[in-house]
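The file run.json comes next; it holds JSON, C-alpha atoms.
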```json
[["chain", "number", "residue", "atom", "x", "y", "z"],
["A", 277, "MET", "CA", -2.95, 99.30, 95.00],
["A", 278, "THR", "CA", -1.20, 97.44, 92.22],
["A", 279, "THR", "CA", 2.57, 97.05, 91.98],
["A", 280, "LYS", "CA", 2.55, 99.11, 88.77],
["A", 281, "ALA", "CA", 0.80, 101.95, 90.58],
["A", 282, "LYS", "CA", 3.33, 101.76, 93.43],
["A", 283, "LYS", "CA", 6.19, 101.90, 90.92],
["A", 284, "ILE", "CA", 4.73, 104.98, 89.21],
["A", 285, "ILE", "CA", 4.17, 106.74, 92.55],
["A", 286, "VAL", "CA", 7.76, 105.97, 93.61],
["A", 287, "ASP", "CA", 9.09, 107.23, 90.25],
["A", 288, "VAL", "CA", 7.12, 110.49, 90.54],
["A", 289, "CYS", "CA", 8.28, 110.95, 94.16],
["A", 290, "MET", "CA", 11.89, 110.33, 93.10],
["A", 291, "LEU", "CA", 11.58, 112.98, 90.42],
["A", 292, "THR", "CA", 9.92, 115.44, 92.81],
["A", 293, "PHE", "CA", 12.55, 115.05, 95.52],
["A", 294, "ILE", "CA", 15.49, 115.15, 93.13],
["A", 295, "ILE", "CA", 14.15, 118.44, 91.74],
["A", 296, "LEU", "CA", 13.70, 119.74, 95.30],
["A", 297, "SER", "CA", 17.27, 118.75, 96.10],
["A", 298, "PHE", "CA", 18.52, 121.28, 93.54],
["A", 299, "ILE", "CA", 17.07, 124.19, 95.53],
["A", 300, "ARG", "CA", 19.94, 126.35, 96.74],
["A", 301, "TRP", "CA", 20.47, 126.78, 100.44],
["A", 302, "ASP", "CA", 21.96, 129.75, 102.28],
["A", 303, "GLY", "CA", 24.71, 128.70, 104.65],
["A", 304, "SER", "CA", 23.36, 125.35, 105.81],
["A", 305, "PRO", "CA", 23.02, 122.29, 103.58],
["A", 306, "ALA", "CA", 20.43, 120.76, 105.95],
["A", 307, "PHE", "CA", 17.51, 121.08, 103.50],
["A", 308, "HIS", "CA", 19.53, 119.51, 100.70],
["A", 309, "ILE", "CA", 20.70, 116.67, 102.95],
["A", 310, "VAL", "CA", 17.16, 115.89, 104.19],
["A", 311, "VAL", "CA", 15.58, 116.08, 100.73],
["A", 312, "GLY", "CA", 18.47, 114.10, 99.21],
["A", 313, "THR", "CA", 18.07, 111.43, 101.87],
["A", 314, "ILE", "CA", 14.33, 111.14, 101.18],
["A", 315, "CYS", "CA", 15.07, 110.95, 97.45],
["A", 316, "THR", "CA", 17.62, 108.20, 98.13],
["A", 317, "LEU", "CA", 15.03, 106.25, 100.13],
["A", 318, "PHE", "CA", 12.64, 106.46, 97.17],
["A", 319, "PHE", "CA", 15.45, 105.27, 94.90],
["A", 320, "ILE", "CA", 16.11, 102.27, 97.18],
["A", 321, "LEU", "CA", 12.37, 101.53, 97.12],
["A", 322, "HIS", "CA", 12.46, 101.83, 93.32],
["A", 323, "ILE", "CA", 15.23, 99.22, 93.10],
["A", 324, "PHE", "CA", 13.38, 96.98, 95.57],
["A", 325, "LEU", "CA", 10.18, 97.12, 93.50],
["A", 326, "HIS", "CA", 12.13, 96.42, 90.28],
["A", 327, "ARG", "CA", 14.45, 93.74, 91.69],
["A", 328, "LYS", "CA", 12.71, 90.74, 90.09],
["A", 329, "TRP", "CA", 12.42, 92.50, 86.74],
["A", 330, "LEU", "CA", 16.09, 93.55, 86.87],
["A", 331, "ALA", "CA", 17.20, 90.02, 87.73],
["A", 332, "ALA", "CA", 15.10, 88.52, 84.91],
["A", 333, "GLN", "CA", 16.34, 91.05, 82.36],
["A", 334, "THR", "CA", 19.96, 90.56, 83.46],
["A", 335, "LYS", "CA", 19.62, 86.83, 82.71],
["A", 336, "LYS", "CA", 18.12, 87.63, 79.30],
["A", 337, "PHE", "CA", 20.83, 90.22, 78.62],
["A", 338, "VAL", "CA", 23.62, 87.78, 79.45],
["A", 339, "ALA", "CA", 21.98, 85.12, 77.27],
["A", 340, "GLY", "CA", 21.55, 87.62, 74.43],
["A", 341, "LYS", "CA", 17.79, 87.11, 74.41],
["A", 342, "ILE", "CA", 16.58, 90.59, 75.32],
["A", 343, "SER", "CA", 14.40, 92.60, 72.93],
["A", 344, "ALA", "CA", 15.49, 96.05, 71.78],
["A", 345, "LYS", "CA", 12.64, 97.80, 73.64],
["A", 346, "VAL", "CA", 13.34, 96.01, 76.91],
["A", 347, "LEU", "CA", 17.08, 96.56, 76.43],
["A", 348, "ARG", "CA", 16.48, 100.34, 76.42],
["A", 349, "LEU", "CA", 14.46, 100.07, 79.64],
["A", 350, "TYR", "CA", 17.13, 97.85, 81.17],
["A", 351, "ILE", "CA", 20.02, 100.15, 80.22],
["A", 352, "VAL", "CA", 18.31, 103.17, 81.79],
["A", 353, "ASP", "CA", 17.65, 101.23, 85.02],
["A", 354, "VAL", "CA", 21.23, 99.96, 85.21],
["A", 355, "LEU", "CA", 22.66, 103.41, 84.47],
["A", 356, "LEU", "CA", 20.36, 104.88, 87.09],
["A", 357, "LEU", "CA", 21.60, 102.33, 89.61],
["A", 358, "VAL", "CA", 25.27, 103.11, 88.86],
["A", 359, "ILE", "CA", 24.91, 106.90, 88.68],
["A", 360, "TRP", "CA", 22.69, 107.12, 91.75],
["A", 361, "THR", "CA", 25.11, 104.96, 93.76],
["A", 362, "ILE", "CA", 27.99, 107.26, 92.82],
["A", 363, "SER", "CA", 25.85, 110.29, 93.67],
["A", 364, "ILE", "CA", 24.95, 108.86, 97.09],
["A", 365, "VAL", "CA", 28.55, 108.01, 97.98],
["A", 366, "THR", "CA", 29.94, 111.36, 96.81],
["A", 367, "GLY", "CA", 27.05, 113.18, 98.52],
["A", 368, "VAL", "CA", 27.86, 111.54, 101.83],
["A", 369, "LEU", "CA", 31.56, 112.31, 101.42],
["A", 370, "ALA", "CA", 30.79, 115.90, 100.39],
["A", 371, "THR", "CA", 28.87, 116.44, 103.66],
["A", 372, "ALA", "CA", 31.81, 115.24, 105.77],
["A", 373, "PRO", "CA", 33.35, 118.73, 106.10],
["A", 374, "TYR", "CA", 30.04, 119.93, 107.58],
["A", 375, "VAL", "CA", 30.01, 117.14, 110.16],
["A", 376, "ILE", "CA", 33.68, 116.59, 111.03],
["A", 377, "GLU", "CA", 36.88, 118.44, 110.23],
["A", 378, "VAL", "CA", 38.02, 116.85, 106.99],
["A", 379, "GLU", "CA", 39.85, 118.66, 104.25],
["A", 380, "GLY", "CA", 40.42, 117.76, 100.64],
["A", 381, "LEU", "CA", 36.92, 116.51, 99.86],
["A", 382, "ALA", "CA", 35.63, 119.61, 98.07],
["A", 383, "TRP", "CA", 35.93, 117.83, 94.72],
["A", 384, "MET", "CA", 33.38, 115.27, 95.95],
["A", 385, "GLY", "CA", 30.76, 118.00, 95.90],
["A", 386, "ARG", "CA", 31.49, 118.63, 92.22],
["A", 387, "VAL", "CA", 31.25, 114.93, 91.35],
["A", 388, "HIS", "CA", 28.05, 114.72, 93.41],
["A", 389, "GLY", "CA", 26.58, 117.66, 91.50],
["A", 390, "ILE", "CA", 27.39, 116.12, 88.13],
["A", 391, "THR", "CA", 26.05, 112.68, 89.01],
["A", 392, "ALA", "CA", 22.93, 114.17, 90.60],
["A", 393, "ARG", "CA", 22.19, 116.01, 87.36],
["A", 394, "LEU", "CA", 22.76, 112.81, 85.39],
["A", 395, "ALA", "CA", 20.42, 110.99, 87.79],
["A", 396, "LEU", "CA", 17.77, 113.66, 87.20],
["A", 397, "VAL", "CA", 18.04, 113.14, 83.43],
["A", 398, "LEU", "CA", 17.82, 109.36, 83.86],
["A", 399, "VAL", "CA", 14.76, 109.61, 86.14],
["A", 400, "VAL", "CA", 13.05, 111.81, 83.53],
["A", 401, "VAL", "CA", 13.98, 109.34, 80.76],
["A", 402, "HIS", "CA", 12.75, 106.47, 82.95],
["A", 403, "LEU", "CA", 9.40, 108.20, 83.49],
["A", 404, "LEU", "CA", 9.11, 109.00, 79.79],
["A", 405, "GLN", "CA", 9.68, 105.31, 79.03],
["A", 406, "HIS", "CA", 6.63, 104.62, 81.18],
["A", 407, "ILE", "CA", 4.59, 107.61, 80.03],
["A", 408, "LYS", "CA", 1.54, 105.52, 79.13],
["A", 409, "GLN", "CA", 1.45, 104.07, 82.64],
["A", 410, "VAL", "CA", 1.98, 107.51, 84.19],
["A", 411, "ARG", "CA", -0.80, 109.03, 82.09],
["A", 412, "SER", "CA", -3.22, 106.21, 82.84],
["A", 413, "TYR", "CA", -2.46, 106.31, 86.56],
["A", 414, "PHE", "CA", -3.16, 110.03, 86.77],
["A", 415, "GLY", "CA", -6.06, 109.82, 84.29],
["A", 416, "TRP", "CA", -4.39, 111.95, 81.58],
["A", 417, "PRO", "CA", -5.82, 112.91, 79.18],
["A", 418, "ARG", "CA", -9.41, 112.93, 80.32],
["A", 419, "LYS", "CA", -11.89, 112.49, 77.53],
["A", 420, "ASN", "CA", -14.71, 114.98, 77.22],
["A", 421, "LYS", "CA", -18.09, 113.31, 77.56],
["A", 422, "GLY", "CA", -20.07, 116.22, 76.28]]
```
This entry written out as C-alpha coordinates:
Amino acid sequence: MTTKAKKIIVDVCMLTFIILSFIRWDGSPAFHIVVGTICTLFFILHIFLHRKWLAAQTKKFVAGKISAKVLRLYIVDVLLLVIWTISIVTGVLATAPYVIEVEGLAWMGRVHGITARLALVLVVVHLLQHIKQVRSYFGWPRKNKG
(Lines of atoms letter the chains of each structure in order from A and count residues from 1; the text may use other names and numbers.)
(Lines give C-alpha, C1' and ligand atoms only; values in the text may rest on other atoms or scores of the structure.)
Protein backbone atom coordinates (compact mmCIF):
# COMPACT_ATOMS: atom_id res chain seq x y z
CA MET A 1 0.00 0.00 0.00
CA THR A 2 1.35 3.39 -0.97
CA THR A 3 1.84 6.25 1.47
CA LYS A 4 -0.81 8.26 -0.41
CA ALA A 5 -3.31 5.44 0.07
CA LYS A 6 -2.46 5.25 3.78
CA LYS A 7 -2.97 9.01 4.12
CA ILE A 8 -6.38 8.83 2.43
CA ILE A 9 -7.47 5.90 4.62
CA VAL A 10 -6.36 7.78 7.76
CA ASP A 11 -8.21 10.92 6.60
CA VAL A 12 -11.42 8.98 5.95
CA CYS A 13 -11.11 7.20 9.33
CA MET A 14 -10.56 10.56 11.06
CA LEU A 15 -13.70 11.93 9.45
CA THR A 16 -15.71 8.81 10.33
CA PHE A 17 -14.68 8.80 13.97
CA ILE A 18 -15.13 12.54 14.44
CA ILE A 19 -18.69 12.20 13.09
CA LEU A 20 -19.28 9.24 15.42
CA SER A 21 -18.00 11.31 18.34
CA PHE A 22 -20.93 13.70 17.89
CA ILE A 23 -23.45 10.96 18.71
CA ARG A 24 -25.21 11.90 21.94
CA TRP A 25 -24.88 9.63 24.93
CA ASP A 26 -27.37 9.06 27.74
CA GLY A 27 -25.77 9.45 31.14
CA SER A 28 -22.31 8.06 30.41
CA PRO A 29 -19.76 9.72 28.14
CA ALA A 30 -17.91 6.41 27.67
CA PHE A 31 -18.82 6.03 23.97
CA HIS A 32 -17.74 9.59 23.22
CA ILE A 33 -14.48 9.15 25.11
CA VAL A 34 -13.62 5.87 23.33
CA VAL A 35 -14.55 7.17 19.87
CA GLY A 36 -12.79 10.49 20.54
CA THR A 37 -9.66 8.64 21.64
CA ILE A 38 -9.67 6.52 18.47
CA CYS A 39 -10.19 9.68 16.41
CA THR A 40 -7.25 11.31 18.22
CA LEU A 41 -5.06 8.30 17.43
CA PHE A 42 -5.94 8.67 13.74
CA PHE A 43 -5.11 12.37 13.97
CA ILE A 44 -1.70 11.57 15.50
CA LEU A 45 -1.13 9.05 12.69
CA HIS A 46 -2.17 11.75 10.19
CA ILE A 47 0.46 14.14 11.57
CA PHE A 48 3.06 11.35 11.58
CA LEU A 49 2.38 10.54 7.91
CA HIS A 50 2.51 14.25 6.97
CA ARG A 51 5.52 15.19 9.14
CA LYS A 52 8.07 15.42 6.30
CA TRP A 53 5.67 17.37 4.10
CA LEU A 54 4.82 19.74 6.96
CA ALA A 55 8.50 20.32 7.74
CA ALA A 56 9.33 20.98 4.08
CA GLN A 57 6.39 23.36 3.63
CA THR A 58 7.24 25.20 6.87
CA LYS A 59 10.74 25.89 5.48
CA LYS A 60 9.22 27.14 2.22
CA PHE A 61 6.66 29.23 4.11
CA VAL A 62 9.33 30.90 6.25
CA ALA A 63 11.44 31.56 3.15
CA GLY A 64 8.41 32.97 1.31
CA LYS A 65 8.76 30.39 -1.45
CA ILE A 66 5.47 28.52 -1.10
CA SER A 67 2.95 28.43 -3.95
CA ALA A 68 -0.62 29.63 -3.39
CA LYS A 69 -2.08 26.13 -3.84
CA VAL A 70 0.35 24.52 -1.40
CA LEU A 71 -0.14 27.43 1.01
CA ARG A 72 -3.87 26.60 1.21
CA LEU A 73 -3.05 22.94 1.95
CA TYR A 74 -0.46 24.00 4.51
CA ILE A 75 -2.78 26.45 6.30
CA VAL A 76 -5.51 23.80 6.66
CA ASP A 77 -3.00 21.29 8.08
CA VAL A 78 -1.56 23.82 10.54
CA LEU A 79 -5.03 24.97 11.63
CA LEU A 80 -6.05 21.34 12.03
CA LEU A 81 -3.01 20.73 14.22
CA VAL A 82 -3.77 23.75 16.43
CA ILE A 83 -7.53 23.21 16.69
CA TRP A 84 -7.24 19.47 17.25
CA THR A 85 -4.63 20.00 19.98
CA ILE A 86 -6.95 22.43 21.77
CA SER A 87 -9.83 19.99 21.34
CA ILE A 88 -7.80 17.12 22.80
CA VAL A 89 -6.65 19.13 25.83
CA THR A 90 -10.10 20.55 26.57
CA GLY A 91 -11.67 17.12 26.00
CA VAL A 92 -9.37 15.55 28.56
CA LEU A 93 -10.06 18.36 31.03
CA ALA A 94 -13.81 18.13 30.38
CA THR A 95 -13.77 14.43 31.35
CA ALA A 96 -12.06 15.16 34.69
CA PRO A 97 -15.35 15.63 36.59
CA TYR A 98 -16.38 12.12 35.46
CA VAL A 99 -13.14 10.60 36.74
CA ILE A 100 -12.27 12.63 39.84
CA GLU A 101 -14.11 15.24 41.87
CA VAL A 102 -13.14 18.49 40.19
CA GLU A 103 -15.38 21.51 39.91
CA GLY A 104 -15.19 24.53 37.69
CA LEU A 105 -14.26 22.76 34.47
CA ALA A 106 -17.70 22.76 32.84
CA TRP A 107 -16.60 25.52 30.46
CA MET A 108 -13.96 23.15 29.07
CA GLY A 109 -16.75 21.03 27.63
CA ARG A 110 -18.06 24.06 25.74
CA VAL A 111 -14.62 24.90 24.35
CA HIS A 112 -14.14 21.24 23.47
CA GLY A 113 -17.46 21.21 21.60
CA ILE A 114 -16.57 24.32 19.61
CA THR A 115 -13.08 23.14 18.69
CA ALA A 116 -14.36 19.66 17.81
CA ARG A 117 -16.83 21.21 15.38
CA LEU A 118 -14.06 23.35 13.89
CA ALA A 119 -11.90 20.22 13.58
CA LEU A 120 -14.74 18.47 11.74
CA VAL A 121 -14.96 21.35 9.26
CA LEU A 122 -11.18 21.32 8.77
CA VAL A 123 -11.11 17.54 8.20
CA VAL A 124 -13.85 17.92 5.58
CA VAL A 125 -11.94 20.79 3.92
CA HIS A 126 -8.74 18.71 4.07
CA LEU A 127 -10.46 15.78 2.36
CA LEU A 128 -11.99 18.08 -0.26
CA GLN A 129 -8.50 19.43 -0.99
CA HIS A 130 -7.53 15.85 -1.79
CA ILE A 131 -10.77 14.89 -3.53
CA LYS A 132 -9.02 13.60 -6.66
CA GLN A 133 -6.92 11.23 -4.55
CA VAL A 134 -9.96 10.14 -2.54
CA ARG A 135 -11.98 9.48 -5.70
CA SER A 136 -9.17 7.57 -7.37
CA TYR A 137 -8.50 5.48 -4.26
CA PHE A 138 -12.13 4.43 -4.00
CA GLY A 139 -12.54 4.15 -7.78
CA TRP A 140 -15.09 7.00 -8.10
CA PRO A 141 -16.56 7.56 -10.59
CA ARG A 142 -16.50 4.23 -12.35
CA LYS A 143 -16.72 4.48 -16.10
CA ASN A 144 -19.34 2.44 -17.90
CA LYS A 145 -17.77 0.01 -20.34
CA GLY A 146 -20.96 -0.82 -22.13
request  = Identify, on the basis of only C-alpha atoms, every residue whose closest approach to range 380-388 of chain A does not exceed 12 Å; exclude the query and any residue fewer than 6 positions from it along the same chain; express the result as a PyMOL selection string.
outcome  = chain A and resi 297-298+305+312+359-374+394-395
query = So how far away is CA of Thr278 in chain A from CA of Val358 in chain A, in Å?
reply =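 Atom-to-atom, CA of Val358 in chain A to CA of Thr278 in chain A, that is 27.3 Å.
Distances from A:Ile314, A:Val399, A:Ala306, A:Gln405 to Val288 in chain A were compared using all atoms listed in the file, and the smallest one belongs to A:Val399.
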key: Interatomic distance, CA of Leu357 in chain A to CA of Phe337 in chain A (Å, one decimal)   =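 Straight-line distance from CA of Leu357 in chain A to CA of Phe337 in chain A works out to 16.4 Å.
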note = Across A:Leu398, A:Leu317, A:Ile407, A:Val346, the smallest distance to Gln333 in chain A, with all atoms listed in the file counted, is shown by A:Val346
inquiry  = Restricting the calculation to all atoms listed in the file: of A:Val338, A:Ile299, A:Cys315, A:His322, which residue gets closest to Ile285 in chain A?
reply    =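 Ranked by minimum distance to Ile285 in chain A, first place goes to A:His322.
Candidate residues A:Met277, A:Ile351, A:Met290, A:Ile390 were compared for distance to Ile320 in chain A, and the nearest is A:Met290, using all atoms listed in the file.
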query = Quick one: distance from CA of Lys283 in chain A to CA of Leu321 in chain A in Å, one decimal?
reply = 8.8 Å
